[in-house]
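**Q** Input data-v1.cif, format and content: mmCIF, C-alpha atoms and all ligand atoms.
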data_query
#
loop_
_atom_site.label_atom_id
_atom_site.label_comp_id
_atom_site.auth_asym_id
_atom_site.auth_seq_id
_atom_site.Cartn_x
_atom_site.Cartn_y
_atom_site.Cartn_z
CA MET A 1 0.00 0.00 0.00
CA ASN A 2 1.34 3.41 -0.80
CA PRO A 3 0.79 6.20 1.70
CA SER A 4 -1.83 7.96 -0.41
CA SER A 5 -4.09 4.91 -0.53
CA SER A 6 -7.60 5.45 0.69
CA THR A 7 -8.57 4.16 4.07
CA ALA A 8 -10.53 0.93 4.10
CA GLY A 9 -14.20 1.73 4.31
CA ALA A 10 -14.02 4.99 2.38
CA SER A 11 -16.26 4.79 -0.67
CA SER A 12 -15.81 6.97 -3.73
CA ALA A 13 -18.10 6.71 -6.73
CA LEU A 14 -16.47 7.15 -10.12
CA PRO A 15 -17.51 10.40 -11.85
CA GLY A 16 -20.52 9.74 -14.10
CA HIS A 17 -20.93 6.23 -12.64
CA PRO A 18 -22.96 6.64 -9.45
CA PHE A 19 -23.25 2.89 -8.85
CA VAL A 20 -19.57 2.09 -9.46
CA ALA A 21 -17.27 2.92 -6.54
CA TYR A 22 -14.04 1.99 -4.85
CA GLN A 23 -14.76 0.67 -1.39
CA GLY A 24 -11.31 1.13 0.09
CA ALA A 25 -9.12 -0.33 -2.66
CA ALA A 26 -11.70 -2.63 -4.27
CA LEU A 27 -13.95 -1.63 -7.16
CA GLN A 28 -17.61 -2.44 -6.59
CA VAL A 29 -20.93 -2.22 -8.43
CA GLU A 30 -23.89 -1.57 -6.11
CA GLY A 31 -21.62 -2.68 -3.26
CA VAL A 32 -20.72 -6.03 -4.89
CA ALA A 33 -16.95 -6.59 -5.21
CA LEU A 34 -16.03 -7.05 -8.86
CA SER A 35 -12.89 -9.12 -8.31
CA ALA A 36 -15.05 -11.82 -6.68
CA LEU A 37 -17.33 -11.84 -9.75
CA ALA A 38 -14.32 -12.11 -12.08
CA ALA A 39 -12.94 -14.98 -9.98
CA GLU A 40 -16.25 -16.84 -10.08
CA HIS A 41 -17.25 -16.24 -13.70
CA GLY A 42 -13.94 -15.60 -15.48
CA THR A 43 -13.09 -12.78 -17.88
CA PRO A 44 -13.94 -11.05 -20.12
CA LEU A 45 -17.16 -10.48 -18.22
CA PHE A 46 -19.86 -7.83 -18.60
CA VAL A 47 -21.46 -6.58 -15.39
CA TYR A 48 -24.56 -4.39 -15.41
CA SER A 49 -26.19 -2.48 -12.57
CA LYS A 50 -29.97 -2.64 -12.52
CA ALA A 51 -30.09 0.39 -10.21
CA ALA A 52 -28.06 2.41 -12.72
CA MET A 53 -30.46 1.51 -15.55
CA LEU A 54 -33.50 2.42 -13.49
CA ALA A 55 -31.86 5.67 -12.34
CA ALA A 56 -31.20 6.61 -15.97
CA LEU A 57 -34.81 5.81 -16.84
CA ALA A 58 -36.05 7.78 -13.82
CA ALA A 59 -34.35 10.93 -15.13
CA TYR A 60 -36.50 10.73 -18.26
CA GLN A 61 -39.60 9.90 -16.22
CA ARG A 62 -39.01 12.98 -14.03
CA GLY A 63 -38.58 15.11 -17.14
CA PHE A 64 -41.92 13.90 -18.50
CA ALA A 65 -43.93 13.91 -15.27
CA GLY A 66 -47.56 14.73 -16.03
CA ARG A 67 -47.14 14.36 -19.81
CA HIS A 68 -48.55 11.84 -22.21
CA VAL A 69 -45.38 10.01 -23.23
CA GLN A 70 -44.20 6.56 -24.25
CA ILE A 71 -40.53 5.82 -23.61
CA CYS A 72 -39.32 3.19 -26.07
CA TYR A 73 -35.91 1.79 -25.18
CA ALA A 74 -33.83 1.56 -28.38
CA MET A 75 -32.77 -1.99 -27.76
CA LYS A 76 -30.00 -2.20 -30.31
CA ALA A 77 -27.87 -0.50 -27.62
CA ASN A 78 -28.07 -3.67 -25.53
CA SER A 79 -30.53 -6.39 -26.48
CA SER A 80 -29.68 -9.03 -23.87
CA LEU A 81 -32.89 -10.55 -22.52
CA GLY A 82 -32.12 -9.78 -18.88
CA VAL A 83 -31.62 -6.11 -19.77
CA LEU A 84 -34.85 -5.97 -21.79
CA GLN A 85 -36.68 -7.54 -18.88
CA VAL A 86 -35.61 -4.68 -16.57
CA PHE A 87 -37.09 -2.12 -18.96
CA ALA A 88 -40.21 -4.17 -19.75
CA GLN A 89 -40.95 -4.48 -16.03
CA ALA A 90 -40.43 -0.73 -15.66
CA GLY A 91 -43.18 -0.15 -18.25
CA CYS A 92 -41.02 0.79 -21.20
CA GLY A 93 -41.83 0.13 -24.80
CA PHE A 94 -39.10 -0.80 -27.27
CA ASP A 95 -37.70 0.65 -30.46
CA ILE A 96 -36.70 -2.28 -32.66
CA VAL A 97 -34.84 -2.48 -35.95
CA SER A 98 -35.39 -6.11 -36.96
CA GLY A 99 -37.74 -9.06 -36.63
CA GLY A 100 -35.14 -10.71 -34.42
CA GLU A 101 -35.35 -7.81 -31.97
CA LEU A 102 -39.14 -8.21 -31.89
CA GLU A 103 -38.71 -11.86 -30.88
CA ARG A 104 -36.37 -10.75 -28.10
CA VAL A 105 -38.92 -8.21 -26.79
CA LEU A 106 -41.62 -10.86 -26.63
CA ALA A 107 -39.26 -13.40 -25.02
CA ALA A 108 -38.36 -10.83 -22.35
CA GLY A 109 -42.02 -10.12 -21.52
CA GLY A 110 -42.36 -6.82 -23.39
CA GLN A 111 -45.69 -5.73 -24.88
CA ALA A 112 -46.00 -5.72 -28.66
CA SER A 113 -48.39 -2.76 -28.52
CA LYS A 114 -45.56 -0.64 -27.09
CA VAL A 115 -43.11 -1.59 -29.86
CA ILE A 116 -42.10 0.77 -32.64
CA PHE A 117 -40.21 -0.58 -35.63
CA SER A 118 -37.47 1.64 -37.11
CA GLY A 119 -34.97 1.07 -39.90
CA VAL A 120 -34.54 1.73 -43.63
CA GLY A 121 -34.67 -1.89 -44.79
CA LYS A 122 -37.60 -3.77 -43.31
CA THR A 123 -38.39 -6.93 -45.27
CA ARG A 124 -41.92 -8.10 -46.13
CA ARG A 125 -41.39 -11.00 -43.81
CA GLU A 126 -40.51 -8.66 -40.93
CA MET A 127 -43.53 -6.48 -41.72
CA ARG A 128 -45.84 -9.52 -41.57
CA GLN A 129 -44.24 -10.69 -38.33
CA ALA A 130 -44.69 -7.26 -36.72
CA LEU A 131 -48.29 -6.88 -37.94
CA GLN A 132 -49.09 -10.36 -36.66
CA ALA A 133 -47.68 -9.46 -33.24
CA GLY A 134 -49.69 -6.21 -33.20
CA ILE A 135 -46.88 -3.67 -32.77
CA GLY A 136 -47.70 -0.06 -31.93
CA CYS A 137 -46.16 1.70 -34.91
CA PHE A 138 -43.91 1.32 -37.95
CA ASN A 139 -41.42 4.17 -38.31
CA VAL A 140 -41.32 4.24 -42.10
CA GLU A 141 -38.27 5.68 -43.84
CA SER A 142 -39.25 5.96 -47.53
CA GLU A 143 -42.18 6.15 -49.94
CA ALA A 144 -41.19 2.78 -51.42
CA GLU A 145 -41.40 1.21 -47.97
CA LEU A 146 -44.86 2.76 -47.44
CA ASP A 147 -46.16 1.11 -50.62
CA VAL A 148 -44.84 -2.30 -49.66
CA LEU A 149 -46.13 -2.01 -46.09
CA SER A 150 -49.59 -1.06 -47.34
CA GLU A 151 -49.61 -4.09 -49.64
CA VAL A 152 -48.47 -6.47 -46.89
CA ALA A 153 -51.02 -5.11 -44.39
CA LEU A 154 -53.87 -5.33 -46.91
CA SER A 155 -52.97 -8.94 -47.72
CA MET A 156 -53.51 -9.67 -44.01
CA GLY A 157 -56.75 -7.67 -43.87
CA LEU A 158 -55.08 -5.02 -41.68
CA ARG A 159 -54.01 -1.41 -41.74
CA ALA A 160 -50.48 -0.72 -40.56
CA PRO A 161 -50.04 2.06 -37.97
CA VAL A 162 -47.38 4.36 -39.35
CA SER A 163 -45.15 7.23 -38.43
CA ILE A 164 -42.84 8.69 -41.05
CA ARG A 165 -39.25 9.33 -40.15
CA VAL A 166 -38.30 12.73 -41.41
CA ASN A 167 -34.84 14.10 -41.87
CA PRO A 168 -34.76 17.46 -40.07
CA ASP A 169 -31.31 18.33 -41.50
CA VAL A 170 -29.78 19.15 -38.12
CA ASP A 171 -26.11 18.65 -37.29
CA PRO A 172 -25.90 16.78 -33.98
CA LYS A 173 -22.14 17.55 -33.76
CA THR A 174 -21.14 13.99 -33.08
CA HIS A 175 -19.07 11.31 -34.88
CA PRO A 176 -20.01 11.14 -38.61
CA TYR A 177 -20.85 7.43 -38.34
CA ILE A 178 -23.48 8.18 -35.71
CA SER A 179 -24.92 11.35 -37.32
CA THR A 180 -28.18 10.44 -38.97
CA GLY A 181 -30.19 13.62 -39.43
CA LEU A 182 -28.14 15.52 -42.01
CA LYS A 183 -28.85 15.90 -45.73
CA GLY A 184 -27.06 13.06 -47.50
CA SER A 185 -27.90 10.57 -44.74
CA LYS A 186 -29.62 7.32 -45.75
CA PHE A 187 -32.15 7.87 -42.95
CA GLY A 188 -35.55 9.49 -43.09
CA VAL A 189 -37.56 11.34 -45.71
CA ALA A 190 -35.97 14.53 -47.06
CA HIS A 191 -37.31 17.90 -45.97
CA ASP A 192 -38.97 18.81 -49.27
CA ARG A 193 -40.71 15.41 -49.62
CA VAL A 194 -42.26 15.24 -46.16
CA VAL A 195 -45.72 16.70 -46.85
CA LYS A 196 -46.01 14.80 -50.16
CA THR A 197 -45.10 11.57 -48.42
CA TYR A 198 -47.83 12.10 -45.82
CA GLN A 199 -50.38 12.89 -48.53
CA HIS A 200 -49.38 9.67 -50.25
CA ALA A 201 -49.57 7.68 -47.00
CA ALA A 202 -53.04 9.03 -46.21
CA LYS A 203 -54.32 7.64 -49.52
CA LEU A 204 -52.91 4.14 -49.12
CA PRO A 205 -55.59 1.64 -48.09
CA GLY A 206 -53.28 -0.46 -45.89
CA ILE A 207 -51.82 2.49 -43.99
CA GLN A 208 -53.10 4.36 -40.98
CA VAL A 209 -51.11 7.55 -40.26
CA LYS A 210 -50.31 7.85 -36.54
CA GLY A 211 -47.31 10.06 -36.03
CA ILE A 212 -44.07 11.60 -37.10
CA ASP A 213 -40.57 10.70 -35.95
CA CYS A 214 -36.93 11.61 -36.28
CA HIS A 215 -33.60 10.56 -34.85
CA ILE A 216 -30.70 12.90 -35.54
CA GLY A 217 -27.74 10.93 -34.24
CA SER A 218 -26.10 9.43 -31.21
CA GLN A 219 -23.82 10.49 -28.33
CA ILE A 220 -25.23 14.04 -28.59
CA THR A 221 -23.87 16.17 -25.75
CA GLU A 222 -25.40 19.55 -26.61
CA VAL A 223 -28.94 20.86 -26.21
CA ALA A 224 -28.93 23.09 -29.30
CA PRO A 225 -29.35 20.32 -31.93
CA TYR A 226 -32.40 19.04 -30.04
CA LEU A 227 -33.94 22.51 -29.81
CA ASP A 228 -33.45 22.95 -33.58
CA THR A 229 -35.00 19.53 -34.14
CA VAL A 230 -38.07 20.38 -32.07
CA ASP A 231 -38.60 23.55 -34.11
CA LYS A 232 -38.27 21.72 -37.42
CA MET A 233 -40.50 18.85 -36.31
CA LEU A 234 -43.25 21.22 -35.17
CA ASP A 235 -43.01 23.05 -38.51
CA PHE A 236 -43.54 19.71 -40.25
CA VAL A 237 -46.51 18.86 -38.03
CA SER A 238 -48.15 22.21 -38.82
CA ASP A 239 -47.57 21.77 -42.56
CA ILE A 240 -48.87 18.19 -42.57
CA GLN A 241 -51.96 18.98 -40.50
CA ALA A 242 -52.68 21.96 -42.76
CA GLU A 243 -53.14 19.36 -45.52
CA GLY A 244 -55.77 17.58 -43.45
CA VAL A 245 -53.61 14.68 -42.21
CA VAL A 246 -53.83 14.29 -38.42
CA ILE A 247 -50.65 13.59 -36.44
CA ASP A 248 -51.40 11.86 -33.12
CA HIS A 249 -47.89 11.54 -31.74
CA ILE A 250 -44.49 13.14 -32.17
CA ASP A 251 -41.44 10.92 -31.67
CA PHE A 252 -38.14 12.73 -31.09
CA GLY A 253 -35.92 9.64 -31.32
CA GLY A 254 -32.96 9.00 -29.05
CA GLY A 255 -29.37 10.11 -29.15
CA LEU A 256 -28.62 11.67 -25.77
CA GLY A 257 -24.95 11.12 -24.94
CA ILE A 258 -23.22 9.82 -21.83
CA ASN A 259 -20.01 10.70 -20.04
CA TYR A 260 -17.26 8.52 -21.50
CA HIS A 261 -14.31 10.87 -21.07
CA GLY A 262 -15.27 14.12 -19.43
CA ASP A 263 -18.24 14.53 -21.79
CA LYS A 264 -20.93 16.73 -20.28
CA PRO A 265 -24.27 15.83 -21.82
CA PRO A 266 -27.34 17.50 -20.33
CA ALA A 267 -29.23 15.38 -17.80
CA ALA A 268 -32.33 13.84 -19.39
CA ASP A 269 -34.69 15.76 -17.11
CA ASP A 270 -32.96 19.11 -17.79
CA LEU A 271 -32.95 18.48 -21.52
CA TRP A 272 -36.63 17.64 -21.56
CA ALA A 273 -37.58 20.59 -19.38
CA GLN A 274 -36.14 22.80 -22.13
CA LEU A 275 -37.69 20.85 -24.99
CA LEU A 276 -41.11 20.70 -23.34
CA ALA A 277 -40.99 24.45 -22.71
CA LYS A 278 -40.55 24.93 -26.44
CA LEU A 279 -43.38 22.52 -27.24
CA ASP A 280 -45.65 24.38 -24.83
CA ALA A 281 -44.66 27.77 -26.20
CA ARG A 282 -45.58 26.60 -29.68
CA GLY A 283 -48.89 25.12 -28.56
CA PHE A 284 -48.00 21.42 -28.95
CA GLY A 285 -47.68 20.55 -25.25
CA HIS A 286 -50.83 18.39 -25.35
CA LYS A 287 -49.56 16.04 -28.07
CA LYS A 288 -48.65 12.46 -27.26
CA LEU A 289 -44.85 12.19 -27.25
CA MET A 290 -42.51 9.30 -27.84
CA ILE A 291 -38.77 9.02 -27.36
CA GLU A 292 -36.28 6.29 -28.24
CA PRO A 293 -33.30 6.51 -25.88
CA GLY A 294 -30.72 3.74 -26.09
CA ARG A 295 -27.20 4.58 -24.96
CA SER A 296 -28.30 7.00 -22.22
CA LEU A 297 -30.31 4.23 -20.48
CA VAL A 298 -27.62 1.53 -20.42
CA GLY A 299 -24.20 2.89 -21.41
CA ASN A 300 -22.93 3.81 -17.98
CA ALA A 301 -24.81 0.97 -16.29
CA GLY A 302 -22.32 -1.59 -17.59
CA LEU A 303 -18.64 -2.39 -17.46
CA CYS A 304 -16.43 -5.12 -18.84
CA LEU A 305 -13.99 -6.93 -16.58
CA THR A 306 -10.77 -8.15 -18.14
CA GLU A 307 -7.42 -9.61 -17.09
CA VAL A 308 -3.97 -8.41 -18.05
CA LEU A 309 -2.32 -11.29 -19.93
CA TYR A 310 1.07 -9.80 -20.79
CA LEU A 311 2.99 -6.57 -20.68
CA LYS A 312 5.04 -6.04 -23.82
CA PRO A 313 7.46 -3.10 -23.70
CA GLY A 314 8.46 -1.69 -27.07
CA GLU A 315 10.65 0.97 -28.60
CA GLN A 316 7.79 3.25 -29.60
CA LYS A 317 4.92 1.85 -27.58
CA ASN A 318 4.34 -0.31 -24.57
CA PHE A 319 1.49 -2.74 -24.92
CA CYS A 320 -0.78 -4.01 -22.19
CA ILE A 321 -2.37 -7.13 -23.65
CA ILE A 322 -5.74 -8.01 -22.09
CA ASP A 323 -8.15 -10.89 -22.56
CA ALA A 324 -10.98 -8.67 -23.88
CA ALA A 325 -10.79 -7.64 -27.52
CA MET A 326 -12.49 -5.78 -30.35
CA ASN A 327 -14.97 -8.64 -30.69
CA ASP A 328 -16.18 -7.84 -27.15
CA LEU A 329 -15.67 -4.07 -27.19
CA PRO A 330 -15.99 -2.94 -30.83
CA ARG A 331 -16.42 0.81 -30.28
CA PRO A 332 -12.74 1.83 -30.27
CA ALA A 333 -12.09 -0.05 -33.54
CA MET A 334 -15.30 1.25 -35.15
CA TYR A 335 -15.42 4.85 -33.98
CA GLN A 336 -12.06 5.51 -32.29
CA ALA A 337 -14.19 5.66 -29.18
CA PHE A 338 -12.81 6.18 -25.67
CA HIS A 339 -13.57 3.88 -22.75
CA ALA A 340 -12.02 4.62 -19.36
CA ILE A 341 -9.97 1.70 -18.01
CA VAL A 342 -9.45 1.34 -14.26
CA PRO A 343 -7.99 -1.35 -11.97
CA LEU A 344 -10.30 -3.59 -9.95
CA GLN A 345 -7.85 -3.32 -7.09
CA ARG A 346 -6.20 0.02 -6.36
CA ASP A 347 -2.87 0.08 -4.57
CA ALA A 348 -2.31 -3.59 -5.37
CA GLY A 349 1.36 -3.46 -4.39
CA PRO A 350 4.64 -2.37 -5.99
CA ARG A 351 4.05 -1.70 -9.68
CA SER A 352 5.65 0.93 -11.84
CA GLU A 353 3.48 3.27 -13.82
CA SER A 354 3.87 3.27 -17.60
CA VAL A 355 2.00 4.51 -20.62
CA TYR A 356 0.42 1.65 -22.57
CA ASP A 357 -1.72 0.94 -25.54
CA VAL A 358 -4.26 -1.50 -24.14
CA VAL A 359 -4.89 -4.14 -26.81
CA GLY A 360 -6.67 -7.45 -27.24
CA PRO A 361 -5.46 -10.80 -28.60
CA ILE A 362 -7.14 -10.48 -32.03
CA CYS A 363 -5.00 -10.56 -35.16
CA GLU A 364 -5.79 -7.00 -36.28
CA SER A 365 -3.95 -3.75 -35.60
CA GLY A 366 -7.38 -2.22 -35.07
CA ASP A 367 -7.80 -4.40 -32.00
CA TRP A 368 -7.13 -1.78 -29.38
CA ILE A 369 -9.30 -0.85 -26.41
CA GLY A 370 -7.41 2.19 -25.12
CA ARG A 371 -4.45 4.24 -26.35
CA ASP A 372 -1.73 5.98 -24.35
CA ARG A 373 -3.14 5.01 -20.97
CA THR A 374 -1.11 5.49 -17.82
CA LEU A 375 -1.45 2.33 -15.78
CA ALA A 376 0.41 0.68 -12.91
CA VAL A 377 -0.21 -2.96 -13.77
CA GLN A 378 1.37 -6.37 -14.01
CA ALA A 379 0.27 -9.60 -15.67
CA GLY A 380 -2.62 -11.19 -13.81
CA ASP A 381 -4.13 -7.87 -12.69
CA GLN A 382 -7.79 -7.29 -13.41
CA LEU A 383 -9.15 -4.14 -15.06
CA ALA A 384 -12.59 -2.72 -15.70
CA VAL A 385 -13.44 -1.11 -19.04
CA LEU A 386 -16.10 1.45 -18.14
CA SER A 387 -19.18 2.71 -20.02
CA ALA A 388 -19.55 -0.70 -21.65
CA GLY A 389 -23.32 -1.12 -21.27
CA ALA A 390 -24.25 0.21 -24.72
CA TYR A 391 -23.13 -0.89 -28.19
CA CYS A 392 -20.69 -3.47 -26.81
CA MET A 393 -22.35 -6.85 -26.23
CA SER A 394 -25.01 -6.08 -28.83
CA MET A 395 -22.23 -5.52 -31.39
CA ALA A 396 -20.01 -8.37 -30.16
CA SER A 397 -18.85 -10.91 -32.72
CA ASN A 398 -17.17 -14.29 -32.85
CA TYR A 399 -14.16 -13.07 -34.83
CA ASN A 400 -11.16 -15.35 -34.23
CA THR A 401 -13.70 -17.90 -32.92
CA ARG A 402 -13.78 -16.09 -29.63
CA GLY A 403 -16.90 -16.95 -27.66
CA ARG A 404 -18.96 -13.99 -26.56
CA ALA A 405 -18.46 -13.00 -22.91
CA ALA A 406 -20.76 -13.89 -20.02
CA GLU A 407 -23.04 -11.19 -18.62
CA LEU A 408 -24.16 -10.52 -15.05
CA LEU A 409 -26.92 -8.27 -13.77
CA VAL A 410 -26.29 -6.91 -10.29
CA ASP A 411 -29.45 -6.00 -8.36
CA GLY A 412 -28.48 -4.93 -4.86
CA GLN A 413 -26.88 -7.95 -3.20
CA GLN A 414 -28.29 -10.30 -5.86
CA VAL A 415 -26.16 -11.23 -8.84
CA HIS A 416 -27.92 -12.83 -11.80
CA LEU A 417 -26.12 -14.62 -14.62
CA ILE A 418 -28.06 -13.33 -17.65
CA ARG A 419 -25.83 -14.82 -20.34
CA GLU A 420 -23.51 -17.79 -20.13
CA ARG A 421 -20.11 -17.59 -21.73
CA GLU A 422 -20.32 -18.88 -25.29
CA SER A 423 -18.34 -22.04 -26.07
CA ALA A 424 -16.71 -23.08 -29.33
CA ALA A 425 -19.40 -25.78 -29.58
CA ASP A 426 -22.08 -23.06 -29.36
CA GLN A 427 -20.40 -21.26 -32.23
CA MET A 428 -20.16 -24.36 -34.43
CA ARG A 429 -23.67 -25.62 -33.70
CA HIS A 430 -25.21 -24.55 -37.00
CA GLU A 431 -22.30 -25.48 -39.23
CA ARG A 432 -22.05 -28.65 -41.28
CA LEU A 433 -19.12 -30.55 -42.71
CA VAL A 434 -19.56 -31.25 -46.41
CA GLY A 435 -20.85 -34.80 -46.94
CA GLY A 436 -20.88 -35.32 -43.17
C1 LIG B 1 -29.95 3.89 -32.57
C2 LIG B 1 -31.27 4.54 -32.58
C3 LIG B 1 -31.79 5.08 -31.41
C4 LIG B 1 -31.04 5.13 -30.11
O1 LIG B 1 -29.92 5.94 -30.17
P1 LIG B 1 -29.07 6.23 -28.85
O2 LIG B 1 -28.00 7.15 -29.30
O3 LIG B 1 -28.52 4.92 -28.40
O4 LIG B 1 -29.98 6.85 -27.85
C5 LIG B 1 -33.08 5.61 -31.45
N1 LIG B 1 -33.80 5.62 -32.60
C6 LIG B 1 -33.31 5.10 -33.75
C7 LIG B 1 -34.16 5.13 -34.96
C8 LIG B 1 -32.03 4.55 -33.78
O5 LIG B 1 -31.56 4.06 -34.93
#
What is this file in structure tokens?
Ligand SMILES: *Cc1c(COP(=O)(O)O)cnc(C)c1O
**A**
Amino acid sequence: MNPSSSTAGASSALPGHPFVAYQGAALQVEGVALSALAAEHGTPLFVYSKAAMLAALAAYQRGFAGRHVQICYAMKANSSLGVLQVFAQAGCGFDIVSGGELERVLAAGGQASKVIFSGVGKTRREMRQALQAGIGCFNVESEAELDVLSEVALSMGLRAPVSIRVNPDVDPKTHPYISTGLKGSKFGVAHDRVVKTYQHAAKLPGIQVKGIDCHIGSQITEVAPYLDTVDKMLDFVSDIQAEGVVIDHIDFGGGLGINYHGDKPPAADDLWAQLLAKLDARGFGHKKLMIEPGRSLVGNAGLCLTEVLYLKPGEQKNFCIIDAAMNDLPRPAMYQAFHAIVPLQRDAGPRSESVYDVVGPICESGDWIGRDRTLAVQAGDQLAVLSAGAYCMSMASNYNTRGRAAELLVDGQQVHLIRERESAADQMRHERLVGG
């Protein structure tokens, strides 16, 4: 122990992670020691805090108190059944982007009537599946999709409830790969086509117009793009209703950012206080609202535990090789994203501090988890990769025939295994040898 080490018993939550704290030298989630979980379940291991998810949801619920709103968790952020179950039990609906996600919602106990179906490439088969289940709304992204959906619904003797995703042409000031509401994006119906598209939809026999939606991007940390979006959306609603087409609900999408690395996104309740003030000022405060938050509900509720396999000093770089990799944590490779990396045990004994690139075992130079990180570690130490609740497990792959990690849900003193570690046999189950 070095002299500056904290006294046993002192608890300090990590900034932006209210349910993750060092108790003395040991990192804990909701008071459960993480090194014990790593010892029992092995690494890499995802650990989620139920309290953190519900606290993130509560911020939205506070912001919308007294309003007519449906919160639809954008489940592509983390679609594990145990996570969906938390939100289903809390009354959330779900924003899905595939027929597979719909099956997950139903398996987790979610209600089909609270499901909205987004995405530019829904197949006829997925449309039939969603109509059969009785989902709440299709968020349609093109005129061509409207025509096909009308045909599919009619063939089933139904009318499909529809909202049209419009492109408000707002710059969310985030990474280009996660900006979706600018001109030139594949998402949504262009500004000048919006009213025409609604007029077309209103004439289709298999379509029932319900609402309007947008989603301008992800990891948004400023209020201004949202305020611009509200203005543009309300302009659209006025224009559409002036043509005699009634809009029942307005869906503002998701996109609110989280604190990965000193980011300062607005709190959900503060953001919505400002947006609702604008809605009220423009006379739309009575409308039914929908939102589709993903990352902001789960991102900082999860972390990934990993073990240091080897330290490899080099001439230009030192490498800290860990047992988690880009197949588990794809965001750095995909978006140059930052995840904080902290030890499970502070003050673990004599170790010298060095600057490392933290990398995984995969045979790709893109397989890095953190760059230029100052760490005092040795082989066998355990680390936590923070902010790993969103767009990690749901994007995980089997590259290099690495099984996907196990997942735990911590709920107070209870720890639930919500996903077993995937074996090589699991991965090969659907493959066949030729002539075998
Ligand atoms: C991804 C997505 C969301 C959720 O985005 P977050 O940044 O995770 O909140 C919401 N709506 C749509 C249509 C999406 O594609």
**Q** Residues within 8 Å of ligand LIG 1 (chain B), counting only C-alpha atoms and all ligand atoms: report them as a JSON list (two decimals) with C-alpha atoms, in the coordinates of the input.
**A**
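Result file pocket-v1.json:
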[["chain", "number", "residue", "atom", "x", "y", "z"],
["A", 73, "TYR", "CA", -35.91, 1.79, -25.18],
["A", 74, "ALA", "CA", -33.83, 1.56, -28.38],
["A", 75, "MET", "CA", -32.77, -1.99, -27.76],
["A", 76, "LYS", "CA", -30.00, -2.20, -30.31],
["A", 77, "ALA", "CA", -27.87, -0.50, -27.62],
["A", 95, "ASP", "CA", -37.70, 0.65, -30.46],
["A", 97, "VAL", "CA", -34.84, -2.48, -35.95],
["A", 118, "SER", "CA", -37.47, 1.64, -37.11],
["A", 119, "GLY", "CA", -34.97, 1.07, -39.90],
["A", 178, "ILE", "CA", -23.48, 8.18, -35.71],
["A", 214, "CYS", "CA", -36.93, 11.61, -36.28],
["A", 215, "HIS", "CA", -33.60, 10.56, -34.85],
["A", 217, "GLY", "CA", -27.74, 10.93, -34.24],
["A", 218, "SER", "CA", -26.10, 9.43, -31.21],
["A", 219, "GLN", "CA", -23.82, 10.49, -28.33],
["A", 220, "ILE", "CA", -25.23, 14.04, -28.59],
["A", 253, "GLY", "CA", -35.92, 9.64, -31.32],
["A", 254, "GLY", "CA", -32.96, 9.00, -29.05],
["A", 255, "GLY", "CA", -29.37, 10.11, -29.15],
["A", 256, "LEU", "CA", -28.62, 11.67, -25.77],
["A", 257, "GLY", "CA", -24.95, 11.12, -24.94],
["A", 291, "ILE", "CA", -38.77, 9.02, -27.36],
["A", 292, "GLU", "CA", -36.28, 6.29, -28.24],
["A", 293, "PRO", "CA", -33.30, 6.51, -25.88],
["A", 294, "GLY", "CA", -30.72, 3.74, -26.09],
["A", 295, "ARG", "CA", -27.20, 4.58, -24.96],
["A", 296, "SER", "CA", -28.30, 7.00, -22.22],
["A", 297, "LEU", "CA", -30.31, 4.23, -20.48],
["A", 390, "ALA", "CA", -24.25, 0.21, -24.72],
["A", 391, "TYR", "CA", -23.13, -0.89, -28.19]]
**Q** Distance atom CA of A:Thr123-atom CA of A:Met334, one decimal place?
**A**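 For atom CA of A:Thr123 relative to atom CA of A:Met334, the distance reads 26.5 Å.
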**Q** What does the distance between atom CA of A:Ile212 and atom CA of A:Asp251 come to in Å, to one decimal place?
**A** 6.1 Å
**Q** Here is a test: counting all atoms listed in the file, which residue of A:Leu57, A:Ala130, A:Ile418, A:Ile164 is nearest to A:Ser142?
**A**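 Checking each of A:Leu57, A:Ala130, A:Ile418, A:Ile164 against A:Ser142, counting all atoms listed in the file, the winner is A:Ile164.
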**Q** For A:Ala88, list every protein, DNA or RNA residue within 8 Å, evaluated using all atoms listed in the file, and leave out those in the same chain fewer than 3 positions away; present the list as a PyMOL selection string.
**A** chain A and resi 84-85+91-93+108-111
